[in-house]
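Visitor: This is the content of input_3.cif (mmCIF, C-alpha atoms):
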data_start
loop_
_atom_site.group_PDB
_atom_site.id
_atom_site.type_symbol
_atom_site.label_atom_id
_atom_site.label_comp_id
_atom_site.auth_asym_id
_atom_site.auth_seq_id
_atom_site.Cartn_x
_atom_site.Cartn_y
_atom_site.Cartn_z
ATOM 1 C CA MET M 1 -25.847 56.770 8.289
ATOM 2 C CA THR M 2 -24.813 54.871 5.178
ATOM 3 C CA ALA M 3 -24.378 51.137 5.331
ATOM 4 C CA ALA M 4 -20.924 51.542 3.761
ATOM 5 C CA SER M 5 -19.602 53.089 7.009
ATOM 6 C CA ALA M 6 -20.843 50.291 9.248
ATOM 7 C CA LEU M 7 -17.681 48.156 9.626
ATOM 8 C CA PHE M 8 -15.221 48.585 12.498
ATOM 9 C CA PRO M 9 -12.006 46.846 11.383
ATOM 10 C CA GLY M 10 -10.545 44.313 13.763
ATOM 11 C CA SER M 11 -7.019 43.973 15.111
ATOM 12 C CA GLU M 12 -5.167 42.236 17.921
ATOM 13 C CA PHE M 13 -6.636 43.762 21.059
ATOM 14 C CA ALA M 14 -4.202 45.308 23.514
ATOM 15 C CA PRO M 15 -4.307 44.685 27.277
ATOM 16 C CA GLY M 16 -7.034 46.677 28.961
ATOM 17 C CA TYR M 17 -10.325 47.846 27.481
ATOM 18 C CA THR M 18 -10.737 48.663 23.779
ATOM 19 C CA VAL M 19 -13.768 50.823 22.954
ATOM 20 C CA ILE M 20 -15.709 49.808 19.848
ATOM 21 C CA ALA M 21 -19.065 51.555 20.455
ATOM 22 C CA ARG M 22 -20.321 54.146 22.943
ATOM 23 C CA GLU M 23 -23.942 54.645 23.895
ATOM 24 C CA GLY M 24 -25.126 58.166 23.097
ATOM 25 C CA GLU M 25 -22.524 58.817 20.428
ATOM 26 C CA ALA M 26 -23.033 58.847 16.675
ATOM 27 C CA SER M 27 -19.577 57.540 15.835
ATOM 28 C CA PRO M 28 -17.883 58.777 12.651
ATOM 29 C CA ILE M 29 -17.140 55.140 11.857
ATOM 30 C CA TYR M 30 -20.724 53.879 11.817
ATOM 31 C CA GLY M 31 -22.706 57.110 11.823
ATOM 32 C CA TYR M 32 -25.467 56.433 14.359
ATOM 33 C CA ASP M 33 -26.005 55.673 18.030
ATOM 34 C CA THR M 34 -26.370 51.948 18.683
ATOM 35 C CA GLY M 35 -27.647 52.631 22.207
ATOM 36 C CA MET M 36 -24.918 50.361 23.561
ATOM 37 C CA ASP M 37 -21.402 50.489 24.911
ATOM 38 C CA PHE M 38 -19.374 47.662 23.412
ATOM 39 C CA GLY M 39 -15.732 46.771 23.764
ATOM 40 C CA ILE M 40 -13.161 44.062 24.375
ATOM 41 C CA GLN M 41 -11.449 43.689 27.767
ATOM 42 C CA CYS M 42 -8.138 41.788 27.758
ATOM 43 C CA CYS M 43 -6.578 40.765 31.065
ATOM 44 C CA SER M 44 -3.207 39.242 31.939
ATOM 45 C CA PRO M 45 -2.642 36.304 34.303
ATOM 46 C CA GLY M 46 -2.904 37.521 37.885
ATOM 47 C CA GLU M 47 -4.735 40.707 36.926
ATOM 48 C CA ILE M 48 -7.757 41.635 39.049
ATOM 49 C CA VAL M 49 -10.551 43.833 37.709
ATOM 50 C CA VAL M 50 -13.059 45.324 40.146
ATOM 51 C CA GLU M 51 -15.976 47.244 38.671
ATOM 52 C CA THR M 52 -19.151 48.856 39.948
ATOM 53 C CA HIS M 53 -20.563 50.335 36.757
ATOM 54 C CA PRO M 54 -23.700 52.509 36.652
ATOM 55 C CA LYS M 55 -25.006 50.742 33.539
ATOM 56 C CA GLU M 56 -26.528 47.327 32.964
ATOM 57 C CA SER M 57 -23.604 45.130 31.911
ATOM 58 C CA VAL M 58 -22.960 41.785 30.238
ATOM 59 C CA TRP M 59 -19.551 40.124 30.382
ATOM 60 C CA VAL M 60 -19.205 37.375 27.735
ATOM 61 C CA LEU M 61 -16.140 35.173 28.121
ATOM 62 C CA LEU M 62 -14.379 34.747 24.772
ATOM 63 C CA ARG M 63 -11.328 32.875 26.007
ATOM 64 C CA GLY M 64 -9.308 32.378 29.164
ATOM 65 C CA ARG M 65 -9.797 31.416 32.789
ATOM 66 C CA ALA M 66 -10.947 33.504 35.737
ATOM 67 C CA GLU M 67 -12.769 33.549 39.054
ATOM 68 C CA ILE M 68 -15.860 35.750 39.132
ATOM 69 C CA GLU M 69 -17.126 37.300 42.363
ATOM 70 C CA PHE M 70 -20.533 38.997 42.570
ATOM 71 C CA VAL M 71 -23.140 39.409 45.350
ATOM 72 C CA GLY M 72 -21.321 36.981 47.604
ATOM 73 C CA ARG M 73 -20.773 34.268 44.983
ATOM 74 C CA GLN M 74 -17.435 33.020 43.705
ATOM 75 C CA VAL M 75 -17.431 30.953 40.510
ATOM 76 C CA GLY M 76 -14.517 29.706 38.414
ATOM 77 C CA VAL M 77 -15.079 29.964 34.661
ATOM 78 C CA SER M 78 -13.036 29.057 31.605
ATOM 79 C CA ARG M 79 -13.289 28.864 27.832
ATOM 80 C CA THR M 80 -10.742 27.600 25.327
ATOM 81 C CA ASP M 81 -12.735 27.461 22.097
ATOM 82 C CA LEU M 82 -15.536 29.678 20.814
ATOM 83 C CA PHE M 83 -16.660 27.178 18.212
ATOM 84 C CA ASP M 84 -17.049 24.005 20.244
ATOM 85 C CA GLU M 85 -17.843 25.433 23.694
ATOM 86 C CA PRO M 86 -21.087 27.234 24.614
ATOM 87 C CA PRO M 87 -20.779 30.660 26.218
ATOM 88 C CA THR M 88 -20.337 31.827 29.775
ATOM 89 C CA ALA M 89 -21.871 35.253 30.429
ATOM 90 C CA LEU M 90 -22.427 37.347 33.540
ATOM 91 C CA HIS M 91 -25.417 39.743 33.431
ATOM 92 C CA VAL M 92 -25.808 42.400 36.129
ATOM 93 C CA SER M 93 -27.839 45.545 36.703
ATOM 94 C CA GLY M 94 -26.202 48.905 37.246
ATOM 95 C CA HIS M 95 -24.154 49.543 40.415
ATOM 96 C CA THR M 96 -23.483 45.828 40.964
ATOM 97 C CA THR M 97 -19.912 45.155 42.035
ATOM 98 C CA VAL M 98 -18.120 42.550 39.913
ATOM 99 C CA THR M 99 -14.627 41.229 40.667
ATOM 100 C CA LEU M 100 -12.693 39.270 38.044
ATOM 101 C CA LYS M 101 -9.525 37.435 39.089
ATOM 102 C CA HIS M 102 -7.668 36.142 36.050
ATOM 103 C CA GLU M 103 -5.664 32.935 36.069
ATOM 104 C CA ALA M 104 -4.642 33.095 32.375
ATOM 105 C CA TRP M 105 -4.701 35.545 29.502
ATOM 106 C CA THR M 106 -8.418 36.257 29.259
ATOM 107 C CA GLU M 107 -10.593 38.090 26.799
ATOM 108 C CA TRP M 108 -14.091 39.404 27.526
ATOM 109 C CA ALA M 109 -16.683 41.039 25.304
ATOM 110 C CA VAL M 110 -18.373 43.719 27.416
ATOM 111 C CA ILE M 111 -21.817 45.085 26.556
ATOM 112 C CA ARG M 112 -23.483 47.889 28.484
ATOM 113 C CA THR M 113 -26.523 50.118 28.256
ATOM 114 C CA THR M 114 -28.462 52.534 30.410
ATOM 115 C CA ASN M 115 -31.121 50.839 32.502
ATOM 116 C CA ARG M 116 -32.617 52.174 35.736
ATOM 117 C CA ALA M 117 -34.131 48.809 36.677
ATOM 118 C CA ASP M 118 -32.592 46.904 39.573
ATOM 119 C CA PHE M 119 -32.572 43.138 39.000
ATOM 120 C CA ALA M 120 -30.814 40.077 40.335
ATOM 121 C CA PRO M 121 -27.537 39.153 38.605
ATOM 122 C CA HIS M 122 -27.326 35.923 36.672
ATOM 123 C CA LEU M 123 -24.367 33.869 35.527
ATOM 124 C CA PHE M 124 -25.174 31.950 32.348
ATOM 125 C CA LEU M 125 -23.080 28.778 32.219
ATOM 126 C CA PRO M 126 -22.426 26.453 29.250
ATOM 127 C CA ALA M 127 -24.221 23.445 30.738
ATOM 128 C CA ALA M 128 -27.503 25.351 30.892
ATOM 129 C CA LEU M 129 -27.466 26.501 27.276
ATOM 130 C CA THR M 130 -29.360 24.498 24.652
ATOM 131 C CA PRO M 131 -28.060 25.042 21.114
ATOM 132 C CA GLU M 132 -30.589 25.745 18.371
ATOM 133 C CA TYR M 133 -29.682 24.385 14.943
ATOM 134 C CA ARG M 134 -31.555 26.698 12.627
ATOM 135 C CA GLY M 135 -31.903 25.989 8.923
ATOM 136 C CA ALA M 136 -31.707 22.203 9.275
ATOM 137 C CA GLY M 137 -33.217 20.526 6.230
ATOM 138 C CA LEU M 138 -33.722 23.769 4.320
ATOM 139 C CA VAL M 139 -32.089 24.741 1.008
ATOM 140 C CA GLN M 140 -29.833 21.668 1.016
ATOM 141 C CA ASN M 141 -28.648 22.595 4.539
ATOM 142 C CA ALA M 142 -26.860 25.615 3.071
ATOM 143 C CA CYS M 143 -27.995 27.805 5.987
ATOM 144 C CA LEU M 144 -27.564 25.329 8.841
ATOM 145 C CA ARG M 145 -26.001 27.109 11.837
ATOM 146 C CA ASN M 146 -25.765 26.848 15.599
ATOM 147 C CA VAL M 147 -27.597 29.701 17.354
ATOM 148 C CA ARG M 148 -26.799 30.148 21.047
ATOM 149 C CA LEU M 149 -29.250 32.535 22.652
ATOM 150 C CA ILE M 150 -27.784 33.735 25.949
ATOM 151 C CA PHE M 151 -30.861 35.712 26.974
ATOM 152 C CA ASP M 152 -33.781 37.623 25.519
ATOM 153 C CA ARG M 153 -36.793 39.465 26.883
ATOM 154 C CA THR M 154 -38.445 36.222 27.958
ATOM 155 C CA ALA M 155 -35.513 35.154 30.130
ATOM 156 C CA ARG M 156 -34.540 38.622 31.377
ATOM 157 C CA PRO M 157 -37.609 40.888 31.094
ATOM 158 C CA GLU M 158 -35.955 43.697 33.077
ATOM 159 C CA SER M 159 -33.074 43.943 30.613
ATOM 160 C CA ASN M 160 -32.698 46.466 27.803
ATOM 161 C CA LEU M 161 -30.594 43.972 25.835
ATOM 162 C CA VAL M 162 -30.770 40.710 23.890
ATOM 163 C CA VAL M 163 -27.483 38.804 23.565
ATOM 164 C CA GLY M 164 -26.444 35.620 21.782
ATOM 165 C CA GLU M 165 -23.870 33.892 19.601
ATOM 166 C CA VAL M 166 -23.906 32.146 16.230
ATOM 167 C CA VAL M 167 -21.505 29.492 14.951
ATOM 168 C CA ASN M 168 -21.542 29.726 11.171
ATOM 169 C CA TYR M 169 -20.253 26.563 9.470
ATOM 170 C CA PRO M 170 -17.701 26.887 6.642
ATOM 171 C CA GLY M 171 -19.234 27.886 3.317
ATOM 172 C CA ARG M 172 -22.741 28.238 4.771
ATOM 173 C CA TRP M 173 -25.109 31.074 5.484
ATOM 174 C CA SER M 174 -26.646 32.398 8.661
ATOM 175 C CA SER M 175 -29.252 35.046 9.479
ATOM 176 C CA TYR M 176 -30.969 33.452 6.495
ATOM 177 C CA PRO M 177 -33.402 34.151 4.926
ATOM 178 C CA PRO M 178 -32.369 37.805 5.284
ATOM 179 C CA HIS M 179 -34.351 39.597 7.949
ATOM 180 C CA HIS M 180 -34.715 43.014 9.547
ATOM 181 C CA HIS M 181 -35.939 44.672 12.727
ATOM 182 C CA ASP M 182 -36.294 48.213 14.056
ATOM 183 C CA GLN M 183 -33.729 47.859 16.829
ATOM 184 C CA PRO M 184 -29.979 48.500 16.384
ATOM 185 C CA GLU M 185 -27.707 45.465 16.410
ATOM 186 C CA ILE M 186 -23.973 44.778 16.607
ATOM 187 C CA TYR M 187 -22.099 41.703 15.311
ATOM 188 C CA HIS M 188 -18.561 40.917 16.482
ATOM 189 C CA TYR M 189 -16.736 38.287 14.398
ATOM 190 C CA ARG M 190 -14.099 35.645 14.993
ATOM 191 C CA PHE M 191 -12.859 32.910 12.614
ATOM 192 C CA THR M 192 -11.282 29.494 13.062
ATOM 193 C CA HIS M 193 -8.209 30.851 11.245
ATOM 194 C CA ALA M 194 -6.848 34.377 11.566
ATOM 195 C CA ASN M 195 -6.968 34.766 7.771
ATOM 196 C CA GLY M 196 -10.587 33.566 7.546
ATOM 197 C CA TYR M 197 -13.306 35.776 6.146
ATOM 198 C CA GLY M 198 -16.946 35.985 5.173
ATOM 199 C CA HIS M 199 -19.397 38.339 3.515
ATOM 200 C CA ALA M 200 -22.059 40.197 5.470
ATOM 201 C CA GLU M 201 -25.068 42.054 4.117
ATOM 202 C CA ASN M 202 -26.238 45.359 5.550
ATOM 203 C CA GLY M 203 -29.113 46.168 3.232
ATOM 204 C CA ALA M 204 -27.724 46.355 -0.307
ATOM 205 C CA THR M 205 -24.156 46.871 0.925
ATOM 206 C CA ILE M 206 -21.882 43.828 1.216
ATOM 207 C CA HIS M 207 -18.975 43.882 3.668
ATOM 208 C CA LYS M 208 -16.022 41.518 3.643
ATOM 209 C CA VAL M 209 -15.703 40.636 7.334
ATOM 210 C CA ARG M 210 -12.532 39.295 8.910
ATOM 211 C CA HIS M 211 -11.213 38.072 12.240
ATOM 212 C CA ARG M 212 -12.133 40.499 15.071
ATOM 213 C CA ASP M 213 -14.186 42.821 12.847
ATOM 214 C CA THR M 214 -17.375 44.394 14.198
ATOM 215 C CA LEU M 215 -20.404 45.204 12.033
ATOM 216 C CA PHE M 216 -23.099 47.705 12.977
ATOM 217 C CA ILE M 217 -26.454 46.597 11.560
ATOM 218 C CA SER M 218 -28.600 49.508 10.477
ATOM 219 C CA PRO M 219 -32.150 49.457 11.890
ATOM 220 C CA GLY M 220 -34.655 48.302 9.311
ATOM 221 C CA LEU M 221 -32.135 46.882 6.818
ATOM 222 C CA ASP M 222 -32.165 43.228 5.777
ATOM 223 C CA HIS M 223 -29.043 41.353 6.809
ATOM 224 C CA ALA M 224 -27.554 37.893 6.288
ATOM 225 C CA GLN M 225 -24.015 36.497 6.081
ATOM 226 C CA VAL M 226 -21.943 33.688 4.662
ATOM 227 C CA SER M 227 -18.546 32.287 5.630
ATOM 228 C CA ALA M 228 -15.897 31.363 3.089
ATOM 229 C CA PRO M 229 -15.367 27.624 2.535
ATOM 230 C CA GLY M 230 -12.827 26.181 4.942
ATOM 231 C CA TYR M 231 -13.391 28.841 7.598
ATOM 232 C CA GLY M 232 -15.719 28.570 10.550
ATOM 233 C CA MET M 233 -17.216 31.934 11.455
ATOM 234 C CA TYR M 234 -18.391 32.966 14.928
ATOM 235 C CA TYR M 235 -20.208 36.133 15.796
ATOM 236 C CA LEU M 236 -21.467 37.590 19.036
ATOM 237 C CA TRP M 237 -24.690 39.543 18.486
ATOM 238 C CA MET M 238 -26.333 42.121 20.691
ATOM 239 C CA ILE M 239 -29.567 44.091 20.269
ATOM 240 C CA ARG M 240 -30.773 47.137 22.193
ATOM 241 C CA HIS M 241 -34.497 47.340 22.952
ATOM 242 C CA LEU M 242 -35.985 50.674 21.917
ATOM 243 C CA PRO M 243 -38.205 52.631 24.333
ATOM 244 C CA GLY M 244 -41.749 51.447 23.697
ATOM 245 C CA ASN M 245 -40.514 49.128 20.953
ATOM 246 C CA PRO M 246 -38.643 46.130 22.415
ATOM 247 C CA TYR M 247 -37.079 43.480 20.222
ATOM 248 C CA THR M 248 -39.438 40.502 20.066
ATOM 249 C CA GLY M 249 -38.286 38.973 16.788
ATOM 250 C CA PHE M 250 -37.525 39.849 13.197
ATOM 251 C CA THR M 251 -39.275 40.086 9.845
ATOM 252 C CA PHE M 252 -38.006 37.995 6.943
ATOM 253 C CA ALA M 253 -37.397 39.598 3.564
ATOM 254 C CA GLU M 254 -40.600 38.792 1.723
ATOM 255 C CA GLU M 255 -38.893 37.800 -1.534
ATOM 256 C CA HIS M 256 -36.909 34.999 0.178
ATOM 257 C CA LYS M 257 -39.472 33.668 2.673
ATOM 258 C CA TRP M 258 -40.400 30.827 0.328
ATOM 259 C CA THR M 259 -37.130 29.042 1.254
ATOM 260 C CA LEU M 260 -38.639 28.324 4.687
ATOM 261 C CA ASP M 261 -41.221 26.027 3.079
ATOM 262 C CA PRO M 262 -39.879 22.430 3.107
ATOM 263 C CA ALA M 263 -41.913 21.763 -0.038
ATOM 264 C CA GLN M 264 -40.139 24.555 -1.961
ATOM 265 C CA GLN M 265 -36.414 24.130 -1.690
ATOM 266 C CA GLY M 266 -35.196 25.578 -4.945
ATOM 267 C CA TRP M 267 -33.118 24.238 -7.776
ATOM 268 C CA ARG M 268 -30.991 21.168 -7.270
ATOM 269 C CA SER M 269 -29.217 19.342 -10.026
ATOM 270 C CA ALA M 270 -30.559 15.851 -10.582
ATOM 271 C CA GLU M 271 -27.193 14.666 -11.915
ATOM 272 C CA PRO M 272 -23.770 14.766 -10.282
ATOM 273 C CA PRO M 273 -21.302 17.208 -11.817
ATOM 274 C CA PRO M 274 -19.004 15.872 -14.566
ATOM 275 C CA ASP M 275 -15.642 14.450 -13.565
ATOM 276 C CA PHE M 276 -12.966 16.988 -14.522
ATOM 277 C CA ARG M 277 -9.984 14.864 -13.502
#
Spell out the structure here as structure tokens.
Guide:
Amino acid sequence: MTAASALFPGSEFAPGYTVIAREGEASPIYGYDTGMDFGIQCCSPGEIVVETHPKESVWVLLRGRAEIEFVGRQVGVSRTDLFDEPPTALHVSGHTTVTLKHEAWTEWAVIRTTNRADFAPHLFLPAALTPEYRGAGLVQNACLRNVRLIFDRTARPESNLVVGEVVNYPGRWSSYPPHHHDQPEIYHYRFTHANGYGHAENGATIHKVRHRDTLFISPGLDHAQVSAPGYGMYYLWMIRHLPGNPYTGFTFAEEHKWTLDPAQQGWRSAEPPPDFR
């Protein structure tokens, strides 16, 4: 695969399920198998979805209102804003029946992968999520962002996935310093304005990312991103553990690791800029 083929362009998603990635397929768009199914499910008010899928599945609520039924539980969930509200996500093992009864136009991000393990389902709710403000105090707060880990190997050791969200503040960086890992990763983007954009690194290739775009991160390539000033950038991220090589963290690009040292924070002008009025 070449990094230049790694961007799946976004659009307004139609009712029903839109496929973005398929496990086991080396898509002509992004050139390699991510090891994950990924797509967007859009449901109309009153629509009921009943699924018993053979794969491990994660349903991340992007917007809308619904009642979820699984293993005898019924829970009402809602989300109106990706940027100010933490996520709701349902995680189930294969062959678990999930019923979704929609009370408003609702949009889900759906992540799946093969996993023979049988584990108890879990509904991750906003109140239980603790935001992590990474980059605080570093490089003049230019890479301050809100990282919302939904679950990793520590929380869900039976899973073959790691899933989370990032809220990228306008004009600032995230995934910084650039880092890499062996496992494939997918980023799905949203912006506070439909015409918002940012720039995303995939190794030496830079992609201009827009509302609803999806980026496929090549294993082993350094990646970081920045949002344009004025535009908040959100992305849902998902990583597939590799057999015998699970994701347990990332490696920073050696040349930029120094920015993590509070004593070495780079150039900063001692004087305010001249007044050009």
Visitor: Which neighbours of segment 242-246 of chain M fall inside 12 Å, counting all atoms listed in the file, when residues of the same chain fewer than 2 positions from it are skipped, and could you give them as a PyMOL selection string?
Guide: chain M and resi 33-36+113-115+152-154+157-162+181-185+219+239-240+248-250
Visitor: Would you save the residues from that selection as a PDB file, keeping the file's coordinate frame, using C-alpha atoms?
Guide:
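Saved the output as again13.pdb:
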ATOM      1  CA  ASP M  33     -26.005  55.673  18.030  1.00  0.00           C
ATOM      2  CA  THR M  34     -26.370  51.948  18.683  1.00  0.00           C
ATOM      3  CA  GLY M  35     -27.647  52.631  22.207  1.00  0.00           C
ATOM      4  CA  MET M  36     -24.918  50.361  23.561  1.00  0.00           C
ATOM      5  CA  THR M 113     -26.523  50.118  28.256  1.00  0.00           C
ATOM      6  CA  THR M 114     -28.462  52.534  30.410  1.00  0.00           C
ATOM      7  CA  ASN M 115     -31.121  50.839  32.502  1.00  0.00           C
ATOM      8  CA  ASP M 152     -33.781  37.623  25.519  1.00  0.00           C
ATOM      9  CA  ARG M 153     -36.793  39.465  26.883  1.00  0.00           C
ATOM     10  CA  THR M 154     -38.445  36.222  27.958  1.00  0.00           C
ATOM     11  CA  PRO M 157     -37.609  40.888  31.094  1.00  0.00           C
ATOM     12  CA  GLU M 158     -35.955  43.697  33.077  1.00  0.00           C
ATOM     13  CA  SER M 159     -33.074  43.943  30.613  1.00  0.00           C
ATOM     14  CA  ASN M 160     -32.698  46.466  27.803  1.00  0.00           C
ATOM     15  CA  LEU M 161     -30.594  43.972  25.835  1.00  0.00           C
ATOM     16  CA  VAL M 162     -30.770  40.710  23.890  1.00  0.00           C
ATOM     17  CA  HIS M 181     -35.939  44.672  12.727  1.00  0.00           C
ATOM     18  CA  ASP M 182     -36.294  48.213  14.056  1.00  0.00           C
ATOM     19  CA  GLN M 183     -33.729  47.859  16.829  1.00  0.00           C
ATOM     20  CA  PRO M 184     -29.979  48.500  16.384  1.00  0.00           C
ATOM     21  CA  GLU M 185     -27.707  45.465  16.410  1.00  0.00           C
ATOM     22  CA  PRO M 219     -32.150  49.457  11.890  1.00  0.00           C
ATOM     23  CA  ILE M 239     -29.567  44.091  20.269  1.00  0.00           C
ATOM     24  CA  ARG M 240     -30.773  47.137  22.193  1.00  0.00           C
ATOM     25  CA  THR M 248     -39.438  40.502  20.066  1.00  0.00           C
ATOM     26  CA  GLY M 249     -38.286  38.973  16.788  1.00  0.00           C
ATOM     27  CA  PHE M 250     -37.525  39.849  13.197  1.00  0.00           C
TER      28      PHE M 250
END
Visitor: Pull the closest atom pair for each residue of segment 119-226 of chain M that gets at most 7 Å from segment 83-98 of chain M, along with the distance in Å to one decimal, counting only C-alpha atoms, ordering rows by chain and then ascending residue number, as a tab-separated table.
Guide:
residue	atom	partner	partner_atom	distance
M:Phe119	CA	M:Ser93	CA	5.8
M:Ala120	CA	M:Val92	CA	6.9
M:Pro121	CA	M:Val92	CA	4.4
M:His122	CA	M:His91	CA	5.4
M:Leu123	CA	M:Leu90	CA	4.5
M:Phe124	CA	M:Ala89	CA	5.0
M:Leu125	CA	M:Thr88	CA	4.8
M:Pro126	CA	M:Pro86	CA	4.9
M:Leu129	CA	M:Pro86	CA	7.0
M:Val167	CA	M:Phe83	CA	6.3
Visitor: Quote the spacing between atom CA of Ser174 of chain M and atom CA of Gly232 of chain M in Å to one decimal place.
Guide: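 These two atoms are separated by 11.7 Å.
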Visitor: Please report, as a Markdown table, each residue of segment 128-185 of chain M lying at most 12 Å from segment 193-207 of chain M, together with the nearest pair of atoms and the separation in Å rounded to one decimal; use only C-alpha atoms, and order rows by chain and ascending residue number.
Guide:
| residue | atom | partner | partner_atom | distance |
| --- | --- | --- | --- | --- |
| M:Asn168 | CA | M:Gly198 | CA | 9.8 |
| M:Tyr169 | CA | M:Gly198 | CA | 10.9 |
| M:Pro170 | CA | M:Gly198 | CA | 9.2 |
| M:Gly171 | CA | M:Gly198 | CA | 8.6 |
| M:Arg172 | CA | M:Gly198 | CA | 9.7 |
| M:Trp173 | CA | M:His199 | CA | 9.4 |
| M:Ser174 | CA | M:Ala200 | CA | 9.6 |
| M:Ser175 | CA | M:Ala200 | CA | 9.7 |
| M:Tyr176 | CA | M:Glu201 | CA | 10.7 |
| M:Pro177 | CA | M:Glu201 | CA | 11.5 |
| M:Pro178 | CA | M:Glu201 | CA | 8.5 |
| M:His179 | CA | M:Gly203 | CA | 9.6 |
| M:His180 | CA | M:Gly203 | CA | 9.0 |
| M:His181 | CA | M:Gly203 | CA | 11.8 |
| M:Pro184 | CA | M:Asn202 | CA | 11.9 |
| M:Glu185 | CA | M:Asn202 | CA | 11.0 |
Visitor: Can you list, as a ChimeraX atom specification, the residues that the PyMOL selection byres ((chain M and resi 147) around 7) selects here?
Guide: /M:131-134,145-146,148-149,165-167
Visitor: Rounded to one decimal, what separation in Å do you get between atom CA of Leu215 of chain M and atom CA of Leu7 of chain M?
Guide: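 Result for atom CA of Leu215 of chain M versus atom CA of Leu7 of chain M: 4.7 Å, one decimal.
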Visitor: Go through M:Phe13, M:Phe252, M:Phe191, M:Tyr32 and flag the residue nearest His211 of chain M, using all atoms listed in the file for the distances.
Guide: M:Phe191
Visitor: Grab all the atoms of segment 117-126 of chain M that the file lists, wrap them in a box along x, y and z, add 3 Å per side, and give me centre plus edge lengths in Å (one decimal) as JSON.
Guide:
{"center_x": -28.3, "center_y": 37.6, "center_z": 34.8, "size_x": 17.7, "size_y": 28.4, "size_z": 17.1}
Visitor: Figure out the distance between atom CA of Gly72 of chain M and atom CA of Glu103 of chain M, please, to one decimal in Å.
Guide: 19.9 Å
Visitor: As a check of understanding, name the residues that the PyMOL selection byres ((chain M and resi 138) around 8) selects in the supplied structure, as a ChimeraX atom specification.
Guide: /M:135-137,139-144,259-262,265
Visitor: Kindly resolve the PyMOL selection byres ((chain M and resi 217) around 6) on the present coordinates and return the residues as a list in words.
Guide: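 Those residues are Glu185, Ile186, Phe216 and Ser218 of chain M.
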Visitor: Give me, as a list in words, all polymer residues having an atom no more than 10 Å from Trp105 of chain M, counting only C-alpha atoms and skipping those fewer than 3 positions away in the same chain.
Guide: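 The residues that qualify are Pro15, Cys42, Cys43, Ser44, Pro45, Gly46, Glu47, Arg63, Gly64, Arg65, Ala66 and His102 of chain M.
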Visitor: Would you kindly return, as JSON, numbers by chain, each protein, DNA or RNA residue with an atom no farther than 8 Å from any atom of Val19 of chain M, considering all atoms listed in the file and excluding same-chain residues fewer than 4 positions away?
Guide: {"M": [37, 38, 39, 40]}
Visitor: I need the residue nearest Ala224 of chain M from this list: M:His256, M:His241, M:Arg22, M:Arg73. Use all atoms listed in the file for the distance.
Guide: M:His256
Visitor: Choose the residue, out of M:Ser57, M:Thr130, M:Thr99, M:Thr52, that has the smallest atom-to-atom separation from Val75 of chain M; count all atoms listed in the file.
Guide: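 The answer is M:Thr99, which sits nearest to Val75 of chain M.
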Visitor: In terms of the shortest atom-to-atom distance over all atoms listed in the file, which of M:Asp81, M:Glu25, M:Glu12, M:Glu107 is closest to Trp59 of chain M?
Guide: M:Glu107
Visitor: Identify which of the residues M:Val209, M:Val77, M:Ala109, M:Leu221 lies closest to Ala253 of chain M, counting all atoms listed in the file when measuring atom-to-atom distances.
Guide: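 Closest to Ala253 of chain M, using all atoms listed in the file: M:Leu221.
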Visitor: Which residue gives the smallest distance to Tyr234 of chain M among M:Arg156, M:Lys257, M:Arg190, M:Lys208, with only C-alpha atoms counted?
Guide: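 Among M:Arg156, M:Lys257, M:Arg190, M:Lys208, it is M:Arg190 that comes nearest to Tyr234 of chain M.
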